[in-house]
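Trainee: File coords.csv below, CSV, C-alpha atoms:
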```csv
chain,number,residue,atom,x,y,z
A,107,MET,CA,-43.0,-27.7,51.5
A,108,LEU,CA,-45.4,-30.7,51.4
A,109,LYS,CA,-43.8,-34.0,51.6
A,110,GLY,CA,-45.0,-37.0,49.6
A,111,LEU,CA,-46.3,-34.7,46.8
A,112,ALA,CA,-44.3,-34.9,43.5
A,113,LEU,CA,-43.8,-31.5,41.8
A,114,THR,CA,-44.3,-32.2,38.1
A,115,PRO,CA,-43.7,-29.7,35.3
A,116,PRO,CA,-46.7,-27.3,35.2
A,117,VAL,CA,-49.1,-28.3,32.5
A,118,ILE,CA,-51.2,-25.8,30.4
A,119,GLY,CA,-52.4,-28.2,27.8
A,120,ARG,CA,-52.5,-31.8,26.4
A,121,ILE,CA,-51.3,-33.4,23.2
A,122,ALA,CA,-53.2,-36.5,22.1
A,123,ILE,CA,-53.5,-38.8,19.1
A,124,GLY,CA,-56.7,-40.3,20.4
A,125,ARG,CA,-59.9,-39.5,22.3
A,126,VAL,CA,-62.4,-41.0,24.5
A,127,VAL,CA,-65.9,-41.4,23.0
A,128,GLU,CA,-69.2,-42.8,24.2
A,129,LYS,CA,-70.5,-45.9,22.5
A,130,ALA,CA,-73.5,-47.9,23.7
A,131,GLY,CA,-73.5,-46.1,27.0
A,132,ARG,CA,-69.7,-46.8,27.6
A,133,ARG,CA,-66.8,-44.4,27.4
A,134,LEU,CA,-64.1,-46.0,25.2
A,135,PRO,CA,-60.8,-44.9,23.8
A,136,GLU,CA,-60.7,-44.2,20.0
A,137,LYS,CA,-57.4,-43.9,18.0
A,138,ASP,CA,-56.8,-41.0,15.6
A,139,ASP,CA,-54.3,-40.3,12.8
A,140,GLU,CA,-53.5,-36.7,13.8
A,141,PHE,CA,-52.5,-34.6,16.8
A,142,THR,CA,-55.0,-32.7,18.9
A,143,LEU,CA,-54.0,-30.1,21.4
A,144,THR,CA,-56.5,-29.5,24.1
A,145,SER,CA,-56.9,-27.4,27.3
A,146,GLN,CA,-57.3,-29.0,30.7
A,147,VAL,CA,-61.0,-28.4,30.7
A,148,GLN,CA,-63.7,-30.9,29.7
A,149,ASN,CA,-67.3,-30.4,28.7
A,150,LYS,CA,-70.1,-32.8,27.5
A,151,GLU,CA,-68.3,-33.3,24.2
A,152,GLY,CA,-64.9,-34.0,25.7
A,153,TRP,CA,-61.7,-32.0,26.1
A,154,VAL,CA,-62.0,-28.4,25.0
A,155,LEU,CA,-59.5,-27.5,22.2
A,156,HIS,CA,-56.6,-25.3,23.1
A,157,PRO,CA,-56.4,-22.1,21.0
A,158,VAL,CA,-52.9,-23.2,19.8
A,159,ASP,CA,-54.6,-26.2,18.0
A,160,ALA,CA,-56.2,-23.8,15.5
A,161,GLN,CA,-53.0,-21.8,15.1
A,162,LEU,CA,-51.0,-24.8,14.1
A,163,ARG,CA,-53.4,-26.0,11.4
A,164,LYS,CA,-52.6,-24.4,8.0
A,165,GLU,CA,-56.3,-24.3,7.3
A,166,PRO,CA,-59.5,-25.3,9.1
A,167,GLY,CA,-60.0,-29.1,9.1
A,168,ALA,CA,-56.4,-29.9,8.0
A,169,LYS,CA,-54.7,-32.9,9.6
A,170,LEU,CA,-52.2,-31.9,12.2
A,171,ARG,CA,-49.3,-34.3,11.9
A,172,SER,CA,-46.3,-32.2,13.1
A,173,ILE,CA,-45.9,-29.7,16.0
A,174,PRO,CA,-43.0,-27.3,16.5
A,175,VAL,CA,-41.7,-27.7,20.0
A,176,ARG,CA,-38.8,-27.1,22.4
A,177,LEU,CA,-37.9,-28.9,25.6
A,178,LEU,CA,-37.9,-27.5,29.1
A,179,PHE,CA,-34.9,-29.4,30.3
A,180,ASP,CA,-31.5,-30.6,29.2
A,181,ASP,CA,-31.9,-33.9,31.0
A,182,PRO,CA,-33.7,-36.4,28.8
A,183,ASP,CA,-35.2,-38.2,31.8
A,184,LEU,CA,-36.9,-34.9,33.0
A,185,SER,CA,-38.5,-34.3,29.6
A,186,LEU,CA,-39.7,-37.9,29.2
A,187,ARG,CA,-40.8,-39.8,32.3
A,188,ALA,CA,-41.4,-43.5,31.5
A,189,ASN,CA,-42.2,-46.3,33.9
A,190,TYR,CA,-44.0,-49.6,34.1
A,191,THR,CA,-47.1,-48.5,35.9
A,192,MET,CA,-50.1,-50.3,37.5
A,193,PHE,CA,-53.1,-48.3,38.7
A,194,ASP,CA,-55.9,-49.2,41.0
A,195,ARG,CA,-59.1,-49.3,38.8
A,196,ALA,CA,-61.3,-48.3,41.7
A,197,THR,CA,-59.5,-45.2,42.8
A,198,GLY,CA,-57.1,-44.2,40.0
A,199,ARG,CA,-54.1,-44.3,42.4
A,200,PRO,CA,-50.8,-45.9,41.3
A,201,LEU,CA,-50.2,-49.2,42.9
A,202,CYS,CA,-46.8,-50.2,41.5
A,203,VAL,CA,-44.3,-48.2,39.5
A,204,GLY,CA,-41.0,-49.7,38.2
A,205,ASP,CA,-38.3,-49.4,35.7
A,206,GLY,CA,-37.5,-53.1,34.9
A,207,GLU,CA,-35.0,-53.3,37.8
A,208,SER,CA,-36.7,-52.0,40.9
A,209,CYS,CA,-40.2,-50.7,41.7
A,210,LYS,CA,-42.2,-48.9,44.4
A,211,ARG,CA,-45.2,-50.9,45.3
A,212,VAL,CA,-48.2,-50.4,47.7
A,213,THR,CA,-48.4,-53.6,49.8
A,214,LEU,CA,-50.3,-54.8,52.8
A,215,SER,CA,-47.6,-53.4,55.0
A,216,GLY,CA,-47.2,-50.1,53.3
A,217,MET,CA,-44.9,-48.7,50.5
A,218,GLN,CA,-42.0,-51.0,49.7
A,219,SER,CA,-39.1,-51.0,47.2
A,220,LEU,CA,-38.9,-54.3,45.4
A,221,PRO,CA,-37.3,-55.9,42.4
A,222,CYS,CA,-39.1,-55.2,39.1
A,223,PRO,CA,-38.9,-58.0,36.6
A,224,SER,CA,-41.0,-56.1,33.9
A,225,PRO,CA,-44.6,-57.0,33.1
A,226,ALA,CA,-43.8,-59.9,30.9
A,227,VAL,CA,-42.5,-62.0,33.8
A,228,CYS,CA,-44.2,-60.3,36.8
A,229,ALA,CA,-46.9,-62.4,38.5
A,230,LEU,CA,-48.8,-59.3,39.5
A,231,ALA,CA,-48.9,-58.0,35.9
A,232,GLN,CA,-50.4,-61.0,34.2
A,233,ASP,CA,-53.8,-59.4,33.8
A,234,GLY,CA,-52.4,-56.8,31.5
A,235,ASN,CA,-52.9,-54.0,34.0
A,236,CYS,CA,-49.2,-53.0,34.1
A,237,LYS,CA,-47.9,-51.2,31.1
A,238,PRO,CA,-45.1,-48.9,30.0
A,239,TYR,CA,-46.5,-45.4,30.7
A,240,GLY,CA,-44.7,-42.3,29.4
A,241,ARG,CA,-45.2,-38.6,29.8
A,242,LEU,CA,-43.4,-36.1,27.5
A,243,HIS,CA,-43.4,-32.4,28.4
A,244,VAL,CA,-42.7,-29.9,25.7
A,245,ARG,CA,-43.2,-26.2,25.0
A,246,VAL,CA,-45.2,-25.6,21.8
A,247,GLU,CA,-44.3,-22.8,19.4
A,248,ALA,CA,-47.4,-22.0,17.4
A,249,ASP,CA,-45.7,-19.6,14.9
A,250,GLY,CA,-42.1,-19.8,15.8
A,251,SER,CA,-42.6,-17.8,19.0
A,252,THR,CA,-42.4,-19.6,22.3
A,253,GLU,CA,-44.5,-16.9,23.9
A,254,THR,CA,-47.4,-17.4,21.5
A,255,GLY,CA,-47.3,-21.2,21.9
A,256,THR,CA,-47.4,-21.2,25.7
A,257,ALA,CA,-49.7,-18.2,26.2
A,258,GLY,CA,-46.8,-16.2,27.7
A,259,ASP,CA,-45.8,-19.0,30.1
A,260,GLU,CA,-42.2,-20.0,29.2
A,261,LEU,CA,-42.2,-22.6,32.1
A,262,GLY,CA,-45.6,-24.1,31.2
A,263,SER,CA,-45.8,-27.2,29.1
A,264,PHE,CA,-48.0,-29.4,27.0
A,265,VAL,CA,-48.0,-33.0,28.0
A,266,PHE,CA,-48.2,-36.0,25.7
A,267,ARG,CA,-49.2,-39.2,27.5
A,268,THR,CA,-48.8,-42.6,26.0
A,269,THR,CA,-48.7,-46.3,26.8
A,270,GLY,CA,-47.5,-47.1,23.3
A,271,PHE,CA,-44.2,-49.0,23.1
A,272,ASN,CA,-43.3,-47.5,19.7
A,273,SER,CA,-43.7,-43.9,20.9
A,274,ILE,CA,-41.9,-44.5,24.2
A,275,ARG,CA,-38.9,-46.3,22.6
A,276,THR,CA,-38.6,-43.8,19.7
A,277,LEU,CA,-38.9,-40.7,21.9
A,278,SER,CA,-36.3,-42.2,24.4
A,279,ALA,CA,-33.8,-42.9,21.7
A,280,ARG,CA,-34.2,-39.5,20.0
A,281,LEU,CA,-33.8,-37.6,23.3
A,282,ARG,CA,-30.5,-39.5,24.0
A,283,TYR,CA,-29.2,-39.1,20.5
A,284,LEU,CA,-30.0,-35.3,20.5
A,285,PHE,CA,-28.5,-34.9,24.0
A,286,ALA,CA,-25.3,-36.5,22.8
A,287,VAL,CA,-24.9,-34.7,19.5
A,288,SER,CA,-25.7,-31.3,21.0
A,289,GLY,CA,-23.4,-31.6,23.9
A,290,GLY,CA,-26.3,-31.7,26.4
A,291,LEU,CA,-28.1,-28.6,25.1
A,292,LEU,CA,-31.5,-30.2,24.7
A,293,ALA,CA,-33.4,-27.3,26.0
A,294,GLY,CA,-32.1,-25.0,23.3
A,295,LEU,CA,-32.9,-27.1,20.2
A,296,PRO,CA,-35.8,-26.2,17.9
A,297,LEU,CA,-37.5,-29.5,17.4
A,298,GLU,CA,-40.7,-31.0,16.0
A,299,LEU,CA,-43.1,-33.7,17.1
A,300,ARG,CA,-44.0,-35.9,14.1
A,301,LEU,CA,-46.8,-38.5,13.8
A,302,ARG,CA,-45.5,-41.6,12.0
A,303,GLY,CA,-47.4,-44.7,10.9
A,304,LYS,CA,-46.4,-48.3,10.5
A,305,SER,CA,-48.0,-51.7,9.9
A,306,THR,CA,-47.0,-54.9,11.7
A,307,THR,CA,-48.2,-58.5,11.7
A,308,LEU,CA,-50.0,-57.9,15.0
A,309,SER,CA,-51.8,-54.9,13.5
A,310,HIS,CA,-53.1,-57.1,10.6
A,311,ARG,CA,-51.5,-54.7,8.1
A,312,THR,CA,-53.6,-51.8,9.3
A,313,PRO,CA,-51.5,-48.7,10.2
A,314,ILE,CA,-50.7,-47.9,13.8
A,315,TYR,CA,-49.5,-44.4,14.7
A,316,TYR,CA,-46.7,-43.4,17.1
A,317,VAL,CA,-44.9,-40.1,17.9
A,318,ASP,CA,-41.3,-39.2,16.9
A,319,LEU,CA,-39.1,-36.2,17.9
A,320,THR,CA,-37.0,-34.8,15.1
A,321,LEU,CA,-35.2,-31.6,14.0
A,322,ARG,CA,-37.5,-29.2,12.3
A,323,ALA,CA,-38.0,-29.5,8.5
A,324,GLY,CA,-35.2,-27.8,6.6
A,325,SER,CA,-32.8,-27.7,9.5
A,326,SER,CA,-29.5,-29.6,9.8
A,327,GLN,CA,-27.8,-30.9,13.0
A,328,GLY,CA,-25.0,-28.3,12.6
A,329,GLN,CA,-27.4,-25.4,12.3
A,330,VAL,CA,-29.5,-26.3,15.3
A,331,VAL,CA,-26.6,-27.1,17.6
A,332,ALA,CA,-25.0,-23.8,16.7
A,333,LEU,CA,-28.2,-22.0,17.4
A,334,ALA,CA,-28.6,-23.8,20.7
A,335,ARG,CA,-25.1,-22.8,21.8
A,336,GLN,CA,-25.7,-19.2,20.8
A,337,GLU,CA,-29.0,-19.1,22.8
A,338,ARG,CA,-27.4,-20.7,25.8
A,339,GLU,CA,-24.7,-18.0,25.8
A,340,GLN,CA,-27.4,-15.3,25.6
A,341,GLN,CA,-29.3,-16.9,28.5
A,342,ALA,CA,-26.2,-17.0,30.6
A,343,ALA,CA,-25.6,-13.3,29.9
A,344,LEU,CA,-29.2,-12.6,31.1
A,345,GLY,CA,-28.7,-14.6,34.3
A,346,LEU,CA,-30.9,-17.6,33.2
A,347,ASP,CA,-29.5,-20.8,34.7
A,348,GLN,CA,-30.7,-23.9,32.9
A,349,ALA,CA,-28.7,-26.3,35.1
A,350,ALA,CA,-30.5,-24.9,38.2
A,351,LEU,CA,-33.9,-25.4,36.5
A,352,ASP,CA,-33.1,-29.0,35.8
A,353,GLU,CA,-32.0,-29.6,39.4
A,354,ALA,CA,-35.2,-27.9,40.7
A,355,ALA,CA,-37.3,-30.2,38.5
A,356,ARG,CA,-35.3,-33.2,39.6
A,357,GLN,CA,-35.7,-32.4,43.3
A,358,GLY,CA,-39.5,-31.7,42.8
A,359,LEU,CA,-40.1,-35.1,41.2
A,360,ALA,CA,-38.2,-36.9,44.0
A,361,LEU,CA,-40.6,-35.4,46.7
A,362,GLY,CA,-43.4,-37.9,46.0
A,363,GLU,CA,-43.5,-41.7,45.9
A,364,PHE,CA,-45.7,-41.5,42.7
A,365,GLU,CA,-46.1,-38.7,40.2
A,366,GLU,CA,-49.8,-39.2,39.3
A,367,SER,CA,-52.5,-38.0,41.6
A,368,GLU,CA,-55.8,-39.9,42.1
A,369,GLU,CA,-57.6,-37.3,39.9
A,370,GLU,CA,-55.1,-37.7,37.1
A,371,GLY,CA,-55.0,-41.5,37.4
A,372,LEU,CA,-58.7,-41.9,36.7
A,373,GLY,CA,-58.3,-40.0,33.4
A,374,VAL,CA,-55.3,-42.1,32.5
A,375,LEU,CA,-57.2,-45.3,33.2
A,376,GLU,CA,-60.1,-44.2,31.0
A,377,GLN,CA,-57.9,-43.5,28.0
A,378,PHE,CA,-55.0,-45.9,28.3
A,379,TYR,CA,-56.1,-48.7,30.6
A,380,PRO,CA,-59.6,-49.5,29.5
A,381,GLU,CA,-61.3,-52.8,30.4
A,382,SER,CA,-60.9,-54.0,26.8
A,383,ASP,CA,-59.0,-52.5,23.8
A,384,THR,CA,-56.1,-53.1,21.5
A,385,ASP,CA,-53.4,-50.5,21.5
A,386,GLY,CA,-51.4,-48.1,23.6
A,387,ASP,CA,-51.3,-44.6,22.0
A,388,GLY,CA,-54.7,-43.3,22.9
A,389,ALA,CA,-56.0,-46.7,23.8
A,390,GLY,CA,-54.9,-49.5,26.1
A,391,ALA,CA,-54.9,-53.2,26.2
A,392,SER,CA,-56.4,-54.8,29.3
A,393,PRO,CA,-58.8,-57.7,29.8
A,394,GLN,CA,-62.1,-57.2,31.5
A,395,ARG,CA,-62.2,-57.0,35.2
A,396,VAL,CA,-63.0,-60.1,37.1
A,397,LYS,CA,-66.5,-60.0,38.6
A,398,ASP,CA,-68.2,-61.8,41.4
A,399,ALA,CA,-71.6,-61.6,43.0
A,400,SER,CA,-70.8,-58.3,44.7
A,401,GLY,CA,-69.6,-56.6,41.5
A,402,PRO,CA,-66.2,-55.7,40.0
A,403,ILE,CA,-63.1,-56.6,41.9
A,404,SER,CA,-60.8,-53.6,42.1
A,405,LEU,CA,-57.1,-54.0,41.1
A,406,ARG,CA,-56.1,-53.2,44.7
A,407,SER,CA,-58.2,-56.1,46.0
A,408,LYS,CA,-56.7,-58.4,43.4
A,409,LEU,CA,-53.2,-57.2,44.3
A,410,ASN,CA,-53.9,-57.8,48.0
A,411,ARG,CA,-55.3,-61.3,47.3
A,412,ARG,CA,-52.2,-62.2,45.3
A,413,GLN,CA,-49.9,-60.9,47.9
A,414,GLU,CA,-51.7,-62.9,50.6
A,415,ALA,CA,-51.5,-66.1,48.4
A,416,MET,CA,-47.8,-65.5,47.8
A,417,ALA,CA,-47.1,-65.0,51.5
A,418,ALA,CA,-49.0,-68.2,52.3
A,419,ARG,CA,-46.9,-70.1,49.8
A,420,VAL,CA,-43.7,-68.7,51.2
A,421,HIS,CA,-44.8,-69.7,54.7
A,422,ALA,CA,-45.7,-73.2,53.6
A,423,THR,CA,-42.3,-73.6,52.0
A,424,ALA,CA,-40.6,-72.5,55.1
A,425,ASP,CA,-42.7,-74.7,57.4
A,426,PRO,CA,-43.8,-78.0,55.6
A,427,GLY,CA,-45.6,-79.1,58.7
A,428,ALA,CA,-47.9,-76.0,58.6
A,429,ALA,CA,-48.6,-76.8,54.9
A,430,HIS,CA,-49.6,-80.4,55.8
A,431,ALA,CA,-51.8,-79.2,58.6
A,432,ALA,CA,-53.5,-76.7,56.3
A,433,ALA,CA,-54.1,-79.4,53.7
```
Just dump the structure as structure tokens.

Mentor:
Amino acid sequence: MLKGLALTPPVIGRIAIGRVVEKAGRRLPEKDDEFTLTSQVQNKEGWVLHPVDAQLRKEPGAKLRSIPVRLLFDDPDLSLRANYTMFDRATGRPLCVGDGESCKRVTLSGMQSLPCPSPAVCALAQDGNCKPYGRLHVRVEADGSTETGTAGDELGSFVFRTTGFNSIRTLSARLRYLFAVSGGLLAGLPLELRLRGKSTTLSHRTPIYYVDLTLRAGSSQGQVVALARQEREQQAALGLDQAALDEAARQGLALGEFEESEEEGLGVLEQFYPESDTDGDGAGASPQRVKDASGPISLRSKLNRRQEAMAARVHATADPGAAHAAA
């Protein structure tokens, strides 16, 4: 088995509430007020729609604001992976990934584990290039049948990516509440992704949209928990081991330093970490790159420069004579 390569849940499609469009010769993220399910293939017009997208719409052109789903795993942290993440704009590779307490960071001397103070108080994150970044993996049930929604692939998933604080916080809370109330049977619950809107002072009273995870319409907690227990008993009788699946996923994710590959990172940068934008679900918020006579300075170069400057300050503090000589 390859080392240093994280094994993430297999993806057969994407769930988005935004798109990337071309304006004045630039590709920019654009927010939307509905879900779109796409394949993993792009053409000149953008991402190609997945067949499930049409199946979920009650009629052609109808707004898609809820999706029937199930989770692959019982562990909430396997279904929703969320970290503070900084990418290199030149390559699309992650540079620093943390959880608010500790982080893995690419430094001049290689990969290091360091404290993570969160972007608000991190010197390396002041340019807005470090954000909460979440990935939710779900199975989509187009007509109440898992087989239809996943094209016969019961271990395949649709991934919803977001840098929106509202979506990440809401999904995290829902997963933990559902885990508690179901006795840890998350993978057996019939659920629904819902698109919700809200206005804030920062949004100037215009609606912003985020994603929620709820029980399906018309279902009660008692009903879905009883159904989950019944299905788990049936799975056990068939020899299906959910706990072993969770452990296999956990070990696979632990194989790599970072989850995103360079190829995936470039796509994430384009949609969620643009040079200038205003939101996080389908659009990011980052200032323009600093430029000099030779062109744009990559995030890696800026990171290296800051680390060199910080190292120089530490050396000067430890050796006042050296600082005086340098001055």

Trainee: Within 8 Å of (-30.8, -29.2, 24.7) in the file's own coordinates, which protein, DNA or RNA residues have an atom, counting only C-alpha atoms? List them as an NGL selection string.

Mentor: :A and (177 or 179-181 or 284-285 or 288-295 or 334)

Trainee: Considering all atoms listed in the file, give me a table of residues in range 138-218 of chain A that are at most 10 Å from range 109-116 of chain A, with the closest atom pair and distance in Å for each, as a Markdown table.

Mentor:
```
| residue | atom | partner | partner_atom | distance |
| --- | --- | --- | --- | --- |
| A:Leu178 | CA | A:Pro115 | CA | 8.8 |
| A:Leu184 | CA | A:Pro115 | CA | 8.9 |
| A:Ser185 | CA | A:Pro115 | CA | 9.0 |
```

Trainee: Report the distance between CA of Asp259 in chain A and CA of Glu366 in chain A in Å, rounded to one decimal place.

Mentor: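 These two atoms are separated by 22.6 Å.
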
Trainee: Using all atoms listed in the file, find all polymer residues with an atom at most 12 Å away from the point (-28.2, -32.3, 38.3); report them as a list of chain:residue names.

Mentor: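 Collected hits near the coordinates: A:Phe179, A:Asp180, A:Asp181, A:Pro182, A:Asp183, A:Leu184, A:Gln348, A:Ala349, A:Ala350, A:Leu351, A:Asp352, A:Glu353, A:Ala354, A:Ala355, A:Arg356, A:Gln357.
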
Trainee: Give me, please, the distance in Å between CA of Glu363 in chain A and CA of Cys228 in chain A, quoted to one decimal.

Mentor: 20.7 Å

Trainee: Give me, please, the distance in Å between CA of Leu375 in chain A and CA of Glu140 in chain A, quoted to one decimal.

Mentor: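 Rounded to one decimal, the two atoms are 21.5 Å apart.
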
Trainee: What are the closest atom pairs, with distances in Å to one decimal, for all residues of range 162-275 of chain A lying within 10 Å of range 317-325 of chain A? Consider all atoms listed in the file, order rows by chain and residue number, and present the result as a Markdown table.

Mentor:
```
| residue | atom | partner | partner_atom | distance |
| --- | --- | --- | --- | --- |
| A:Arg171 | CA | A:Val317 | CA | 9.4 |
| A:Ser172 | CA | A:Arg322 | CA | 9.3 |
| A:Ile173 | CA | A:Arg322 | CA | 9.2 |
| A:Pro174 | CA | A:Arg322 | CA | 7.2 |
| A:Val175 | CA | A:Arg322 | CA | 8.9 |
| A:Phe266 | CA | A:Val317 | CA | 9.4 |
| A:Thr268 | CA | A:Val317 | CA | 9.3 |
| A:Gly270 | CA | A:Val317 | CA | 9.2 |
| A:Asn272 | CA | A:Val317 | CA | 7.8 |
| A:Ser273 | CA | A:Val317 | CA | 5.0 |
| A:Ile274 | CA | A:Val317 | CA | 8.2 |
| A:Arg275 | CA | A:Asp318 | CA | 9.4 |
```

Trainee: What does the file look like for those residues with C-alpha atoms, as a PDB file, in the frame of the given file?

Mentor:
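File again14.pdb, as written:
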```pdb
ATOM      1  CA  ARG A 171     -49.300 -34.300  11.900  1.00  0.00           C
ATOM      2  CA  SER A 172     -46.300 -32.200  13.100  1.00  0.00           C
ATOM      3  CA  ILE A 173     -45.900 -29.700  16.000  1.00  0.00           C
ATOM      4  CA  PRO A 174     -43.000 -27.300  16.500  1.00  0.00           C
ATOM      5  CA  VAL A 175     -41.700 -27.700  20.000  1.00  0.00           C
ATOM      6  CA  PHE A 266     -48.200 -36.000  25.700  1.00  0.00           C
ATOM      7  CA  THR A 268     -48.800 -42.600  26.000  1.00  0.00           C
ATOM      8  CA  GLY A 270     -47.500 -47.100  23.300  1.00  0.00           C
ATOM      9  CA  ASN A 272     -43.300 -47.500  19.700  1.00  0.00           C
ATOM     10  CA  SER A 273     -43.700 -43.900  20.900  1.00  0.00           C
ATOM     11  CA  ILE A 274     -41.900 -44.500  24.200  1.00  0.00           C
ATOM     12  CA  ARG A 275     -38.900 -46.300  22.600  1.00  0.00           C
TER      13      ARG A 275
END
```

Trainee: Per residue of range 280-351 of chain A within 10 Å of range 232-246 of chain A, record the nearest atom pair and its distance in Å to one decimal, counting all atoms listed in the file, with rows in chain order and ascending residue number, as a Markdown table.

Mentor:
```
| residue | atom | partner | partner_atom | distance |
| --- | --- | --- | --- | --- |
| A:Ala293 | CA | A:Val244 | CA | 9.7 |
| A:Leu297 | CA | A:Val246 | CA | 9.7 |
| A:Glu298 | CA | A:Val246 | CA | 9.1 |
| A:Leu299 | CA | A:Val244 | CA | 9.4 |
```

Trainee: Identify which of the residues A:Val227, A:Leu281, A:Val265, A:Leu108 lies closest to Ser145 in chain A, counting only C-alpha atoms when measuring atom-to-atom distances.

Mentor: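 Under the stated criterion, the closest residue is A:Val265.
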
Trainee: Kindly indicate which residue among A:His156, A:Glu339, A:Val147, A:Leu308 lies nearest to Phe264 in chain A, using only C-alpha atoms for the distances.

Mentor: A:His156

Trainee: Using all atoms listed in the file, which residues sit within 10 Å of Thr191 in chain A once same-chain residues fewer than 5 positions away are excluded, as a PyMOL selection string?

Mentor: chain A and resi 200-205+209-211+224-225+231+235-240+269+364

Trainee: Keeping only C-alpha atoms, write the selected residues as a compact mmCIF listing (two decimals), in the frame of the given file.

Mentor:
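Saved file result_0.txt follows:
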```txt
# COMPACT_ATOMS: atom_id res chain seq x y z
CA PRO A 200 -50.80 -45.90 41.30
CA LEU A 201 -50.20 -49.20 42.90
CA CYS A 202 -46.80 -50.20 41.50
CA VAL A 203 -44.30 -48.20 39.50
CA GLY A 204 -41.00 -49.70 38.20
CA ASP A 205 -38.30 -49.40 35.70
CA CYS A 209 -40.20 -50.70 41.70
CA LYS A 210 -42.20 -48.90 44.40
CA ARG A 211 -45.20 -50.90 45.30
CA SER A 224 -41.00 -56.10 33.90
CA PRO A 225 -44.60 -57.00 33.10
CA ALA A 231 -48.90 -58.00 35.90
CA ASN A 235 -52.90 -54.00 34.00
CA CYS A 236 -49.20 -53.00 34.10
CA LYS A 237 -47.90 -51.20 31.10
CA PRO A 238 -45.10 -48.90 30.00
CA TYR A 239 -46.50 -45.40 30.70
CA GLY A 240 -44.70 -42.30 29.40
CA THR A 269 -48.70 -46.30 26.80
CA PHE A 364 -45.70 -41.50 42.70
```

Trainee: For Tyr190 in chain A, which residue among A:Thr307, A:Gln148, A:Ser208, A:Gln341 is the nearest when counting only C-alpha atoms?

Mentor: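 Checking each of A:Thr307, A:Gln148, A:Ser208, A:Gln341 against Tyr190 in chain A, counting only C-alpha atoms, the winner is A:Ser208.
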